[in-house]
file query-v7.pdb (PDB, C-alpha atoms)
ATOM      1  CA  MET A  13       6.952  92.784  98.178
ATOM      2  CA  SER A  14      10.681  93.154  97.871
ATOM      3  CA  SER A  15      12.537  93.243  94.613
ATOM      4  CA  PHE A  16      16.203  92.720  93.985
ATOM      5  CA  LYS A  17      18.766  94.610  91.985
ATOM      6  CA  LEU A  18      22.164  93.528  90.777
ATOM      7  CA  ASN A  19      25.147  94.296  92.977
ATOM      8  CA  VAL A  20      27.031  95.848  90.065
ATOM      9  CA  THR A  21      30.280  96.232  92.019
ATOM     10  CA  GLU A  22      30.370  92.522  92.850
ATOM     11  CA  LEU A  23      29.531  91.483  89.292
ATOM     12  CA  ARG A  24      32.220  93.751  87.850
ATOM     13  CA  ARG A  25      34.780  92.302  90.278
ATOM     14  CA  ALA A  26      33.886  88.728  89.358
ATOM     15  CA  ALA A  27      33.706  89.473  85.630
ATOM     16  CA  GLU A  28      37.028  91.316  85.556
ATOM     17  CA  ALA A  29      38.668  88.387  87.347
ATOM     18  CA  GLN A  30      37.821  86.356  84.236
ATOM     19  CA  GLY A  31      38.849  89.093  81.817
ATOM     20  CA  ASP A  32      35.349  90.414  81.129
ATOM     21  CA  ARG A  33      35.560  94.205  81.322
ATOM     22  CA  ARG A  34      32.694  95.271  79.058
ATOM     23  CA  GLN A  35      28.992  94.550  79.059
ATOM     24  CA  SER A  36      29.422  92.769  75.739
ATOM     25  CA  ASP A  37      31.991  90.449  77.368
ATOM     26  CA  ILE A  38      29.541  89.624  80.160
ATOM     27  CA  SER A  39      26.790  89.070  77.611
ATOM     28  CA  ARG A  40      28.919  86.746  75.521
ATOM     29  CA  ARG A  41      30.097  84.647  78.488
ATOM     30  CA  THR A  42      26.677  84.360  80.157
ATOM     31  CA  GLY A  43      24.534  84.037  77.049
ATOM     32  CA  LEU A  44      22.356  86.916  78.246
ATOM     33  CA  ASP A  45      21.313  89.509  75.709
ATOM     34  CA  ARG A  46      23.458  92.629  75.908
ATOM     35  CA  SER A  47      20.361  94.756  76.476
ATOM     36  CA  VAL A  48      19.551  92.672  79.570
ATOM     37  CA  VAL A  49      23.059  93.191  80.926
ATOM     38  CA  SER A  50      22.808  96.921  80.236
ATOM     39  CA  ARG A  51      19.471  97.227  82.032
ATOM     40  CA  LEU A  52      20.798  95.334  85.050
ATOM     41  CA  MET A  53      23.851  97.569  85.232
ATOM     42  CA  ASN A  54      21.485 100.551  85.232
ATOM     43  CA  GLY A  55      19.345  99.371  88.142
ATOM     44  CA  ARG A  56      16.542  97.301  86.634
ATOM     45  CA  ASP A  57      15.059  94.510  88.729
ATOM     46  CA  LEU A  58      16.934  91.231  88.709
ATOM     47  CA  SER A  59      15.062  88.030  87.822
ATOM     48  CA  LEU A  60      15.879  84.737  89.505
ATOM     49  CA  PHE A  61      16.836  83.220  86.142
ATOM     50  CA  THR A  62      19.316  86.005  85.421
ATOM     51  CA  LEU A  63      20.710  85.924  88.945
ATOM     52  CA  MET A  64      21.356  82.192  88.700
ATOM     53  CA  ARG A  65      22.924  82.544  85.246
ATOM     54  CA  LEU A  66      25.352  85.215  86.512
ATOM     55  CA  SER A  67      26.064  83.325  89.733
ATOM     56  CA  THR A  68      26.819  80.070  87.943
ATOM     57  CA  THR A  69      28.863  81.641  85.172
ATOM     58  CA  TYR A  70      31.114  83.660  87.467
ATOM     59  CA  GLY A  71      31.150  81.262  90.420
ATOM     60  CA  VAL A  72      29.796  83.854  92.835
ATOM     61  CA  ASN A  73      27.259  83.118  95.551
ATOM     62  CA  ALA A  74      23.886  84.485  94.438
ATOM     63  CA  THR A  75      23.451  86.331  97.740
ATOM     64  CA  LEU A  76      26.497  88.445  96.882
ATOM     65  CA  LEU A  77      25.131  89.393  93.466
ATOM     66  CA  ALA A  78      21.650  90.398  94.608
ATOM     67  CA  GLN A  79      20.788  93.318  96.810
ATOM     68  CA  GLU A  80      17.306  94.006  98.058
ATOM     69  CA  SER A  81      15.732  97.180  96.812
ATOM     70  CA  GLY A  82      12.820  98.341  98.898
ATOM     71  CA  ASP A  83       9.560  98.957  97.107
ATOM     72  CA  ALA A  84       8.174 102.451  97.709
ATOM     73  CA  CYS A  85       4.722 101.014  98.524
ATOM     74  CA  ASP A  86       6.179  98.609 101.096
ATOM     75  CA  GLU A  87       8.184 101.392 102.712
ATOM     76  CA  ALA A  88       5.131 103.645 102.928
ATOM     77  CA  ALA A  89       3.106 100.888 104.582
ATOM     78  CA  ALA A  90       5.747 100.236 107.245
TER      79      ALA A  90
END

call {"tool": "encode", "arguments": {"input": "query-v7.pdb", "output": "structure tokens"}}
result
Amino acid sequence: MSSFKLNVTELRRAAEAQGDRRQSDISRRTGLDRSVVSRLMNGRDLSLFTLMRLSTTYGVNATLLAQESGDACDEAAA
């Protein structure tokens, strides 16, 4: 099963376009806890809820904000 990670570069671009340069700015604008934003920026899996919140807030297509991250088990089975 595939999981998805945040495309940090794309989020930073969209956030900076609205003046949000720090994780706390992103947290404040999106309503996501700062710890969630921090974990996403450090490669944690991205939930659909969080993806949609970021996409809606920054007006970015969700497919640009999510990048598939292969699961080691799936890759071994291939």

call {"tool": "atom_distance", "arguments": {"input": "query-v7.pdb", "atom1": "CA of Arg65 (chain A)", "atom2": "CA of Gly43 (chain A)"}}
result
8.5 Å

call {"tool": "resolve_selection", "arguments": {"input": "query-v7.pdb", "expression": "the PyMOL selection byres ((chain A and resi 35) around 7)", "output": "PyMOL selection string"}}
result
chain A and resi 33-34+36-39+46+49-50

call {"tool": "resolve_selection", "arguments": {"input": "query-v7.pdb", "expression": "the PyMOL selection byres ((chain A and resi 53) around 9)", "output": "PyMOL selection string"}}
result
chain A and resi 17-20+35+48-52+54-56

call {"tool": "atom_distance", "arguments": {"input": "query-v7.pdb", "atom1": "CA of Ala26 (chain A)", "atom2": "CA of Ser14 (chain A)"}}
result
25.1 Å

call {"tool": "closest_residue", "arguments": {"input": "query-v7.pdb", "among": "A:Ser59, A:Ser81, A:Ser47, A:Thr42", "to": "Leu23 (chain A)", "atoms": "all atoms listed in the file"}}
result
A:Thr42

call {"tool": "atom_distance", "arguments": {"input": "query-v7.pdb", "atom1": "CA of Leu77 (chain A)", "atom2": "CA of Glu22 (chain A)"}}
result
6.1 Å

call {"tool": "axis_aligned_box", "arguments": {"input": "query-v7.pdb", "around": "region 41-47 of chain A", "padding_each_side": "3 Å", "output": "lines of an AutoDock Vina configuration file"}}
result
center_x = 25.2
center_y = 89.4
center_z = 77.9
size_x = 15.7
size_y = 16.7
size_z = 10.4

call {"tool": "closest_residue", "arguments": {"input": "query-v7.pdb", "among": "A:Met64, A:Ala74, A:Glu80, A:Thr69", "to": "Gln30 (chain A)", "atoms": "all atoms listed in the file"}}
result
A:Thr69

call {"tool": "closest_residue", "arguments": {"input": "query-v7.pdb", "among": "A:Phe16, A:Tyr70, A:Gln79, A:Leu63", "to": "Asp32 (chain A)", "atoms": "all atoms listed in the file"}}
result
A:Tyr70

call {"tool": "decode", "arguments": {"input": "query-v7.pdb", "residues": "region 69-84 of chain A", "atoms": "all heavy atoms", "output": "PDB file, in the first residue's frame"}}
result
ATOM      1  N   THR A  69      -6.485  25.813   1.910  1.00  0.00           N
ATOM      2  CA  THR A  69      -5.968  27.046   2.503  1.00  0.00           C
ATOM      3  C   THR A  69      -5.081  27.814   1.530  1.00  0.00           C
ATOM      4  O   THR A  69      -5.190  29.029   1.406  1.00  0.00           O
ATOM      5  CB  THR A  69      -5.177  26.746   3.782  1.00  0.00           C
ATOM      6  OG1 THR A  69      -6.043  26.110   4.724  1.00  0.00           O
ATOM      7  CG2 THR A  69      -4.603  28.012   4.394  1.00  0.00           C
ATOM      8  N   TYR A  70      -4.194  27.103   0.849  1.00  0.00           N
ATOM      9  CA  TYR A  70      -3.227  27.774  -0.020  1.00  0.00           C
ATOM     10  C   TYR A  70      -3.623  27.766  -1.493  1.00  0.00           C
ATOM     11  O   TYR A  70      -2.888  28.286  -2.334  1.00  0.00           O
ATOM     12  CB  TYR A  70      -1.835  27.174   0.183  1.00  0.00           C
ATOM     13  CG  TYR A  70      -1.269  27.566   1.522  1.00  0.00           C
ATOM     14  CD1 TYR A  70      -1.124  26.641   2.543  1.00  0.00           C
ATOM     15  CD2 TYR A  70      -0.912  28.886   1.786  1.00  0.00           C
ATOM     16  CE1 TYR A  70      -0.622  27.014   3.780  1.00  0.00           C
ATOM     17  CE2 TYR A  70      -0.423  29.268   3.023  1.00  0.00           C
ATOM     18  CZ  TYR A  70      -0.287  28.323   4.009  1.00  0.00           C
ATOM     19  OH  TYR A  70       0.211  28.706   5.241  1.00  0.00           O
ATOM     20  N   GLY A  71      -4.776  27.190  -1.815  1.00  0.00           N
ATOM     21  CA  GLY A  71      -5.260  27.214  -3.187  1.00  0.00           C
ATOM     22  C   GLY A  71      -4.365  26.461  -4.155  1.00  0.00           C
ATOM     23  O   GLY A  71      -4.166  26.878  -5.293  1.00  0.00           O
ATOM     24  N   VAL A  72      -3.821  25.339  -3.672  1.00  0.00           N
ATOM     25  CA  VAL A  72      -2.923  24.525  -4.486  1.00  0.00           C
ATOM     26  C   VAL A  72      -3.574  23.170  -4.716  1.00  0.00           C
ATOM     27  O   VAL A  72      -4.119  22.578  -3.776  1.00  0.00           O
ATOM     28  CB  VAL A  72      -1.559  24.332  -3.779  1.00  0.00           C
ATOM     29  CG1 VAL A  72      -0.651  23.425  -4.582  1.00  0.00           C
ATOM     30  CG2 VAL A  72      -0.893  25.672  -3.531  1.00  0.00           C
ATOM     31  N   ASN A  73      -3.525  22.690  -5.941  1.00  0.00           N
ATOM     32  CA  ASN A  73      -4.071  21.377  -6.256  1.00  0.00           C
ATOM     33  C   ASN A  73      -3.425  20.337  -5.342  1.00  0.00           C
ATOM     34  O   ASN A  73      -2.202  20.306  -5.186  1.00  0.00           O
ATOM     35  CB  ASN A  73      -3.794  21.053  -7.726  1.00  0.00           C
ATOM     36  CG  ASN A  73      -4.516  19.816  -8.180  1.00  0.00           C
ATOM     37  OD1 ASN A  73      -4.446  18.768  -7.549  1.00  0.00           O
ATOM     38  ND2 ASN A  73      -5.220  19.948  -9.287  1.00  0.00           N
ATOM     39  N   ALA A  74      -4.244  19.474  -4.775  1.00  0.00           N
ATOM     40  CA  ALA A  74      -3.759  18.461  -3.831  1.00  0.00           C
ATOM     41  C   ALA A  74      -2.700  17.555  -4.457  1.00  0.00           C
ATOM     42  O   ALA A  74      -1.785  17.108  -3.767  1.00  0.00           O
ATOM     43  CB  ALA A  74      -4.920  17.637  -3.298  1.00  0.00           C
ATOM     44  N   THR A  75      -2.800  17.299  -5.755  1.00  0.00           N
ATOM     45  CA  THR A  75      -1.814  16.426  -6.397  1.00  0.00           C
ATOM     46  C   THR A  75      -0.427  17.055  -6.429  1.00  0.00           C
ATOM     47  O   THR A  75       0.563  16.340  -6.538  1.00  0.00           O
ATOM     48  CB  THR A  75      -2.239  16.039  -7.826  1.00  0.00           C
ATOM     49  OG1 THR A  75      -2.394  17.217  -8.609  1.00  0.00           O
ATOM     50  CG2 THR A  75      -3.534  15.246  -7.814  1.00  0.00           C
ATOM     51  N   LEU A  76      -0.351  18.367  -6.323  1.00  0.00           N
ATOM     52  CA  LEU A  76       0.954  19.035  -6.267  1.00  0.00           C
ATOM     53  C   LEU A  76       1.564  18.977  -4.873  1.00  0.00           C
ATOM     54  O   LEU A  76       2.781  19.030  -4.723  1.00  0.00           O
ATOM     55  CB  LEU A  76       0.837  20.492  -6.707  1.00  0.00           C
ATOM     56  CG  LEU A  76       0.459  20.730  -8.161  1.00  0.00           C
ATOM     57  CD1 LEU A  76       0.278  22.225  -8.413  1.00  0.00           C
ATOM     58  CD2 LEU A  76       1.496  20.143  -9.091  1.00  0.00           C
ATOM     59  N   LEU A  77       0.711  18.888  -3.859  1.00  0.00           N
ATOM     60  CA  LEU A  77       1.199  18.883  -2.478  1.00  0.00           C
ATOM     61  C   LEU A  77       1.559  17.499  -1.959  1.00  0.00           C
ATOM     62  O   LEU A  77       2.252  17.381  -0.964  1.00  0.00           O
ATOM     63  CB  LEU A  77       0.157  19.500  -1.541  1.00  0.00           C
ATOM     64  CG  LEU A  77      -0.040  20.998  -1.644  1.00  0.00           C
ATOM     65  CD1 LEU A  77      -1.151  21.439  -0.699  1.00  0.00           C
ATOM     66  CD2 LEU A  77       1.236  21.740  -1.355  1.00  0.00           C
ATOM     67  N   ALA A  78       1.071  16.466  -2.624  1.00  0.00           N
ATOM     68  CA  ALA A  78       1.331  15.100  -2.161  1.00  0.00           C
ATOM     69  C   ALA A  78       2.281  14.407  -3.118  1.00  0.00           C
ATOM     70  O   ALA A  78       2.175  14.543  -4.328  1.00  0.00           O
ATOM     71  CB  ALA A  78       0.022  14.327  -2.081  1.00  0.00           C
ATOM     72  N   GLN A  79       3.217  13.681  -2.554  1.00  0.00           N
ATOM     73  CA  GLN A  79       4.095  12.862  -3.373  1.00  0.00           C
ATOM     74  C   GLN A  79       4.109  11.466  -2.787  1.00  0.00           C
ATOM     75  O   GLN A  79       4.195  11.290  -1.578  1.00  0.00           O
ATOM     76  CB  GLN A  79       5.489  13.457  -3.495  1.00  0.00           C
ATOM     77  CG  GLN A  79       6.190  13.751  -2.200  1.00  0.00           C
ATOM     78  CD  GLN A  79       7.437  14.585  -2.411  1.00  0.00           C
ATOM     79  OE1 GLN A  79       7.394  15.626  -3.046  1.00  0.00           O
ATOM     80  NE2 GLN A  79       8.533  14.116  -1.881  1.00  0.00           N
ATOM     81  N   GLU A  80       3.982  10.492  -3.661  1.00  0.00           N
ATOM     82  CA  GLU A  80       3.933   9.107  -3.211  1.00  0.00           C
ATOM     83  C   GLU A  80       5.277   8.701  -2.646  1.00  0.00           C
ATOM     84  O   GLU A  80       6.329   9.029  -3.190  1.00  0.00           O
ATOM     85  CB  GLU A  80       3.555   8.204  -4.380  1.00  0.00           C
ATOM     86  CG  GLU A  80       3.196   6.818  -3.968  1.00  0.00           C
ATOM     87  CD  GLU A  80       2.557   6.026  -5.086  1.00  0.00           C
ATOM     88  OE1 GLU A  80       2.400   6.549  -6.194  1.00  0.00           O
ATOM     89  OE2 GLU A  80       2.226   4.872  -4.826  1.00  0.00           O
ATOM     90  N   SER A  81       5.220   8.005  -1.536  1.00  0.00           N
ATOM     91  CA  SER A  81       6.448   7.469  -0.952  1.00  0.00           C
ATOM     92  C   SER A  81       6.267   5.974  -0.885  1.00  0.00           C
ATOM     93  O   SER A  81       5.375   5.482  -0.209  1.00  0.00           O
ATOM     94  CB  SER A  81       6.705   8.060   0.432  1.00  0.00           C
ATOM     95  OG  SER A  81       5.668   7.721   1.309  1.00  0.00           O
ATOM     96  N   GLY A  82       7.086   5.255  -1.614  1.00  0.00           N
ATOM     97  CA  GLY A  82       6.966   3.809  -1.672  1.00  0.00           C
ATOM     98  C   GLY A  82       7.169   3.171  -0.319  1.00  0.00           C
ATOM     99  O   GLY A  82       8.024   3.585   0.455  1.00  0.00           O
ATOM    100  N   ASP A  83       6.399   2.191  -0.031  1.00  0.00           N
ATOM    101  CA  ASP A  83       6.528   1.413   1.205  1.00  0.00           C
ATOM    102  C   ASP A  83       7.573   0.331   0.982  1.00  0.00           C
ATOM    103  O   ASP A  83       7.569  -0.349  -0.031  1.00  0.00           O
ATOM    104  CB  ASP A  83       5.163   0.792   1.546  1.00  0.00           C
ATOM    105  CG  ASP A  83       5.159   0.089   2.881  1.00  0.00           C
ATOM    106  OD1 ASP A  83       5.933  -0.873   3.021  1.00  0.00           O
ATOM    107  OD2 ASP A  83       4.393   0.499   3.753  1.00  0.00           O
ATOM    108  N   ALA A  84       8.475   0.147   1.897  1.00  0.00           N
ATOM    109  CA  ALA A  84       9.562  -0.819   1.751  1.00  0.00           C
ATOM    110  C   ALA A  84       9.023  -2.231   1.503  1.00  0.00           C
ATOM    111  O   ALA A  84       9.592  -2.989   0.731  1.00  0.00           O
ATOM    112  CB  ALA A  84      10.454  -0.811   2.987  1.00  0.00           C
TER     113      ALA A  84
END
